[in-house]
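What follows is the content of run18.tsv (TSV, C-alpha atoms).
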```tsv
chain	number	residue	atom	x	y	z
L	242	MET	CA	21.85	-4.62	-32.87
L	243	MET	CA	18.47	-2.90	-32.52
L	244	ARG	CA	16.93	-6.13	-31.25
L	245	VAL	CA	19.62	-6.46	-28.54
L	246	ARG	CA	18.95	-2.88	-27.36
L	247	THR	CA	15.20	-3.56	-27.25
L	248	MET	CA	15.77	-6.74	-25.21
L	249	LEU	CA	18.09	-4.89	-22.81
L	250	ALA	CA	15.59	-2.05	-22.40
L	251	SER	CA	12.78	-4.55	-21.73
L	252	THR	CA	14.90	-6.33	-19.13
L	253	LEU	CA	15.63	-3.02	-17.40
L	254	VAL	CA	11.92	-2.12	-17.28
L	255	VAL	CA	11.03	-5.51	-15.75
L	256	ALA	CA	13.86	-5.26	-13.20
L	257	THR	CA	12.78	-1.74	-12.19
L	258	ALA	CA	9.15	-2.87	-11.74
L	259	ALA	CA	10.27	-5.83	-9.63
L	260	ALA	CA	12.35	-3.54	-7.42
L	261	THR	CA	9.37	-1.25	-6.92
L	262	LEU	CA	7.08	-4.12	-5.90
L	263	THR	CA	9.56	-5.45	-3.36
L	264	GLY	CA	9.92	-2.09	-1.69
L	265	CYS	CA	13.37	-1.26	-3.01
L	266	SER	CA	14.71	2.16	-3.82
L	267	SER	CA	18.06	3.06	-5.19
L	268	SER	CA	20.80	4.72	-3.20
L	269	GLU	CA	24.42	5.65	-3.76
L	270	GLU	CA	25.50	2.37	-2.13
L	271	GLY	CA	23.35	0.20	-4.41
L	272	GLU	CA	19.90	-1.08	-3.63
L	273	ALA	CA	18.45	-0.20	-0.23
L	274	LYS	CA	15.10	-1.22	1.22
L	275	ALA	CA	12.42	1.45	1.31
L	276	LYS	CA	11.51	3.04	4.62
L	277	PRO	CA	8.03	2.48	6.08
L	278	GLU	CA	7.05	6.06	5.17
L	279	GLU	CA	7.91	5.40	1.50
L	280	ILE	CA	5.98	2.12	1.46
L	281	ALA	CA	2.94	3.84	3.02
L	282	ARG	CA	3.08	6.67	0.46
L	283	THR	CA	3.49	4.28	-2.50
L	284	PHE	CA	0.63	2.12	-1.20
L	285	TYR	CA	-1.77	5.07	-0.82
L	286	LYS	CA	-0.79	6.56	-4.18
L	287	ALA	CA	-1.40	3.19	-5.86
L	288	TYR	CA	-4.83	3.06	-4.22
L	289	ALA	CA	-5.67	6.59	-5.46
L	290	ALA	CA	-4.56	5.66	-9.00
L	291	ARG	CA	-6.35	2.28	-8.86
L	292	ASP	CA	-2.99	0.69	-9.66
L	293	TRP	CA	-4.02	-2.63	-8.18
L	294	LYS	CA	-0.84	-4.40	-9.30
L	295	THR	CA	1.34	-2.12	-7.18
L	296	TYR	CA	-1.26	-1.92	-4.39
L	297	CYS	CA	-1.61	-5.71	-4.03
L	298	GLY	CA	2.11	-6.27	-4.60
L	299	LEU	CA	2.87	-4.24	-1.48
L	300	MET	CA	0.66	-6.50	0.69
L	301	THR	CA	1.39	-9.58	2.75
L	302	ALA	CA	-0.51	-12.79	1.99
L	303	THR	CA	-2.76	-12.02	5.00
L	304	ALA	CA	-3.75	-8.64	3.56
L	305	GLN	CA	-4.20	-10.08	0.05
L	306	ARG	CA	-6.49	-12.77	1.46
L	307	SER	CA	-8.57	-10.09	3.17
L	308	GLU	CA	-8.86	-8.11	-0.09
L	309	ILE	CA	-9.89	-11.23	-2.02
L	310	LYS	CA	-12.58	-12.07	0.54
L	311	SER	CA	-13.84	-8.47	0.56
L	312	TYR	CA	-14.22	-8.17	-3.20
L	313	THR	CA	-15.44	-11.60	-4.30
L	314	ASP	CA	-18.73	-13.37	-3.65
L	315	SER	CA	-17.18	-16.51	-2.22
L	316	ASP	CA	-13.86	-17.92	-1.15
L	317	ASP	CA	-14.06	-20.32	-4.11
L	318	THR	CA	-13.91	-17.55	-6.75
L	319	LEU	CA	-10.17	-16.96	-6.32
L	320	PRO	CA	-8.95	-19.88	-4.23
L	321	ARG	CA	-5.26	-19.01	-3.98
L	322	THR	CA	-3.87	-16.01	-2.18
L	323	SER	CA	-1.54	-14.10	-4.46
L	324	ALA	CA	-0.96	-10.58	-5.67
L	325	ARG	CA	-2.41	-11.64	-9.03
L	326	ASN	CA	-5.67	-12.87	-7.49
L	327	CYS	CA	-5.81	-9.75	-5.31
L	328	VAL	CA	-5.57	-7.64	-8.49
L	329	LYS	CA	-8.37	-9.69	-10.08
L	330	ALA	CA	-10.57	-9.27	-7.01
L	331	ARG	CA	-9.93	-5.52	-6.81
L	332	GLY	CA	-10.47	-5.14	-10.56
L	333	SER	CA	-13.83	-6.90	-10.27
L	334	ILE	CA	-15.34	-3.82	-8.62
L	335	GLY	CA	-14.79	-1.79	-11.79
L	336	GLY	CA	-12.89	1.36	-12.53
L	337	GLY	CA	-9.55	0.57	-14.08
L	338	GLU	CA	-6.28	2.35	-13.55
L	339	ARG	CA	-6.42	6.12	-13.76
L	340	LYS	CA	-4.07	9.04	-13.50
L	341	ALA	CA	-3.54	9.60	-9.81
L	342	PRO	CA	-5.20	12.80	-8.65
L	343	HIS	CA	-2.86	15.37	-7.15
L	344	HIS	CA	-2.85	14.88	-3.42
L	345	THR	CA	-0.67	16.17	-0.64
L	346	TYR	CA	0.53	13.22	1.46
L	347	ARG	CA	1.69	13.34	5.07
L	348	THR	CA	2.98	10.47	7.17
L	349	GLY	CA	3.71	10.02	10.82
L	350	GLU	CA	6.75	8.39	12.34
L	351	PRO	CA	6.75	4.58	12.45
L	352	VAL	CA	5.88	3.09	15.86
L	353	GLU	CA	6.41	-0.51	16.98
L	354	VAL	CA	3.14	-2.47	17.05
L	355	PRO	CA	2.81	-5.78	18.91
L	356	GLU	CA	1.28	-8.82	17.27
L	357	SER	CA	-2.45	-9.32	17.44
L	358	PRO	CA	-4.51	-12.51	16.99
L	359	GLU	CA	-4.67	-11.96	13.20
L	360	HIS	CA	-1.47	-9.99	12.47
L	361	ASP	CA	2.26	-10.26	13.06
L	362	ALA	CA	4.17	-7.62	15.01
L	363	GLY	CA	5.46	-4.79	12.89
L	364	VAL	CA	5.44	-1.04	12.62
L	365	GLY	CA	2.38	1.15	12.56
L	366	ILE	CA	2.26	4.39	10.62
L	367	TRP	CA	-0.46	6.87	9.79
L	368	ILE	CA	-0.74	8.49	6.38
L	369	SER	CA	-3.18	11.12	5.17
L	370	LYS	CA	-3.92	12.56	1.77
L	371	GLN	CA	-5.43	15.94	1.16
L	372	ARG	CA	-6.92	17.24	-2.06
L	373	HIS	CA	-8.24	20.71	-2.78
L	374	ASP	CA	-11.13	20.82	-5.25
L	375	GLU	CA	-10.82	24.15	-7.05
L	376	SER	CA	-14.34	24.01	-8.49
L	377	SER	CA	-16.04	23.68	-5.09
L	378	GLY	CA	-13.33	25.26	-2.97
L	379	GLU	CA	-13.46	22.32	-0.59
L	380	THR	CA	-10.49	20.45	0.81
L	381	ARG	CA	-11.00	16.77	1.47
L	382	THR	CA	-8.75	14.80	3.79
L	383	THR	CA	-8.72	11.05	4.29
L	384	GLY	CA	-6.28	8.87	6.12
L	385	LEU	CA	-5.17	5.39	6.97
L	386	VAL	CA	-3.26	3.66	9.70
L	387	LEU	CA	-1.12	0.85	8.28
L	388	ARG	CA	0.61	-2.10	9.91
L	389	LEU	CA	3.78	-2.87	7.98
L	390	VAL	CA	5.48	-6.21	8.60
L	391	ARG	CA	9.16	-6.81	7.87
L	392	GLN	CA	9.72	-9.63	5.39
L	393	LYS	CA	12.58	-12.15	5.24
L	394	ASP	CA	14.36	-9.97	2.67
L	395	GLU	CA	14.16	-7.03	5.15
L	396	SER	CA	11.55	-5.16	3.06
L	397	TYR	CA	8.19	-4.09	4.49
L	398	LYS	CA	4.74	-5.10	3.29
L	399	VAL	CA	1.31	-3.85	4.34
L	400	ASP	CA	-0.44	-6.38	6.55
L	401	GLN	CA	-3.35	-4.28	7.86
L	402	SER	CA	-5.09	-1.05	6.94
L	403	GLU	CA	-7.55	0.89	9.09
L	404	SER	CA	-9.36	4.16	8.36
L	405	LEU	CA	-8.49	7.34	10.25
L	406	HIS	CA	-12.12	8.55	9.85
L	407	ASP	CA	-11.52	12.12	8.63
L	408	ARG	CA	-8.57	12.83	10.88
L	409	THR	CA	-5.40	14.14	9.31
L	410	SER	CA	-3.02	12.61	11.83
L	411	THR	CA	-2.93	10.74	15.08
L	412	ASP	CA	-0.61	10.01	17.98
L	413	ASP	CA	1.45	6.85	18.56
L	414	ALA	CA	-0.93	5.41	21.17
L	415	SER	CA	-3.90	5.82	18.80
L	416	VAL	CA	-1.99	4.14	15.94
L	417	ILE	CA	-1.33	1.12	18.16
L	418	ARG	CA	-4.93	1.07	19.48
L	419	LEU	CA	-6.47	1.29	15.98
L	420	LEU	CA	-4.30	-1.56	14.71
L	421	GLN	CA	-4.88	-3.74	17.77
L	422	GLU	CA	-8.66	-3.26	17.71
L	423	GLY	CA	-9.05	-3.59	13.93
L	424	SER	CA	-12.26	-2.68	12.17
```
What would the structure in this file look like if it were written as structure tokens?
Amino acid sequence: MMRVRTMLASTLVVATAAATLTGCSSSEEGEAKAKPEEIARTFYKAYAARDWKTYCGLMTATAQRSEIKSYTDSDDTLPRTSARNCVKARGSIGGGERKAPHHTYRTGEPVEVPESPEHDAGVGIWISKQRHDESSGETRTTGLVLRLVRQKDESYKVDQSESLHDRTSTDDASVIRLLQEGS
């Protein structure tokens, strides 16, 4: 009987992790897809915690390919685009998973973003994180603008990420401009 309970508990843990990676959250009516604001927050929190499995799992193949190219010496090192290879590439820079520092997160409202030469149409959203360092008394704010693309299963995945360069928020027109121009 104990073995059956252990197997059921393991199955539940795996199912919960899979739901998290596909952008699902529970609701009273069953499973509902996460809103862009929730995906942005989960993505940025995973980055802060160096939780590359969650971070890469929330990306499209286009974004994963970009991460792999950015963190490996050649395209041959990790030839296939996948969340697993993205995790390997990210992990190659050192610094494993850590407890996420306490940040205050803010997000803007999603805005429709047209396709660009390298990215599909989707929604753009800004997100910022702020952390107060008690020892120095300084408050540090960083931010991103994300392009989220709706998948076939109606979930969203991150397709593009651009820095807000020390701004805590931005307007809709700037979100679109930053995502259209890229880095």
For Thr411 (chain L), list every protein, DNA or RNA residue within 9 Å, evaluated using all atoms listed in the file, and leave out those in the same chain fewer than 5 positions away; present the list as a ChimeraX atom specification. /L:349,367,386,405,416
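Put simply, CA of His360 (chain L) is 10.9 Å away from CA of Ala302 (chain L).
Note that CA of His343 (chain L) and CA of Glu403 (chain L) are 22.3 Å apart.
One finds CA of Cys327 (chain L) at 9.2 Å from CA of Lys310 (chain L).
The shortest atom-to-atom distance to Arg331 (chain L), with all atoms listed in the file taken into account, belongs to L:Ser311 out of L:Gln371, L:Ser311, L:Thr283, L:Gln421.
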The residue from L:Ile280, L:Asp412, L:Glu375, L:Tyr296 with the smallest atom-to-atom distance to Leu387 (chain L), counting all atoms listed in the file, is L:Ile280
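The list of residues with at least one atom within 10 Å of Glu350 (chain L), based on only C-alpha atoms and without residues fewer than 3 positions apart in the same chain, reads Pro277, Glu278, Val364, Gly365, Ile366, Trp367, Ile368, Asp412 and Asp413 of chain L.
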Please, which residues are within 10 Å of (0.5, 13.7, 6.2) by the file's coordinates, counting all atoms listed in the file, and could they come as a PyMOL selection string? chain L and resi 282+345-349+367-371+382-384+409-411
Hey, what's within 10 Å of Arg391 (chain L) if we count all atoms listed in the file and toss same-chain stuff fewer than 2 positions away? As a ChimeraX atom specification, please? /L:277,301,361-364,388-389,393-400
Can you write out the residues you just picked, keeping C-alpha atoms, as a PDB file, keeping the file's coordinate frame?
```pdb
ATOM      1  CA  PRO L 277       8.030   2.480   6.080  1.00  0.00           C
ATOM      2  CA  THR L 301       1.390  -9.580   2.750  1.00  0.00           C
ATOM      3  CA  ASP L 361       2.260 -10.260  13.060  1.00  0.00           C
ATOM      4  CA  ALA L 362       4.170  -7.620  15.010  1.00  0.00           C
ATOM      5  CA  GLY L 363       5.460  -4.790  12.890  1.00  0.00           C
ATOM      6  CA  VAL L 364       5.440  -1.040  12.620  1.00  0.00           C
ATOM      7  CA  ARG L 388       0.610  -2.100   9.910  1.00  0.00           C
ATOM      8  CA  LEU L 389       3.780  -2.870   7.980  1.00  0.00           C
ATOM      9  CA  LYS L 393      12.580 -12.150   5.240  1.00  0.00           C
ATOM     10  CA  ASP L 394      14.360  -9.970   2.670  1.00  0.00           C
ATOM     11  CA  GLU L 395      14.160  -7.030   5.150  1.00  0.00           C
ATOM     12  CA  SER L 396      11.550  -5.160   3.060  1.00  0.00           C
ATOM     13  CA  TYR L 397       8.190  -4.090   4.490  1.00  0.00           C
ATOM     14  CA  LYS L 398       4.740  -5.100   3.290  1.00  0.00           C
ATOM     15  CA  VAL L 399       1.310  -3.850   4.340  1.00  0.00           C
ATOM     16  CA  ASP L 400      -0.440  -6.380   6.550  1.00  0.00           C
TER      17      ASP L 400
END
```
Let me make sure I understand: among L:Phe284, L:Arg381, L:Ile417, L:Ile309, which one has the smallest atom-to-atom distance to Glu353 (chain L) if we use only C-alpha atoms? L:Ile417
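Among the candidates L:His373, L:Arg418, L:His344, L:His406, the one nearest to Ala290 (chain L) when counting all atoms listed in the file is L:His344.
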Considering only C-alpha atoms, state which residue in the set L:Ala414, L:Glu422, L:Tyr288, L:Cys297 is at the smallest distance from Pro351 (chain L). L:Ala414
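For the choices L:Ala330, L:Val390, L:Ala289, L:Ala324, the atom-to-atom distance to Val352 (chain L) is smallest for L:Val390 when using all atoms listed in the file.
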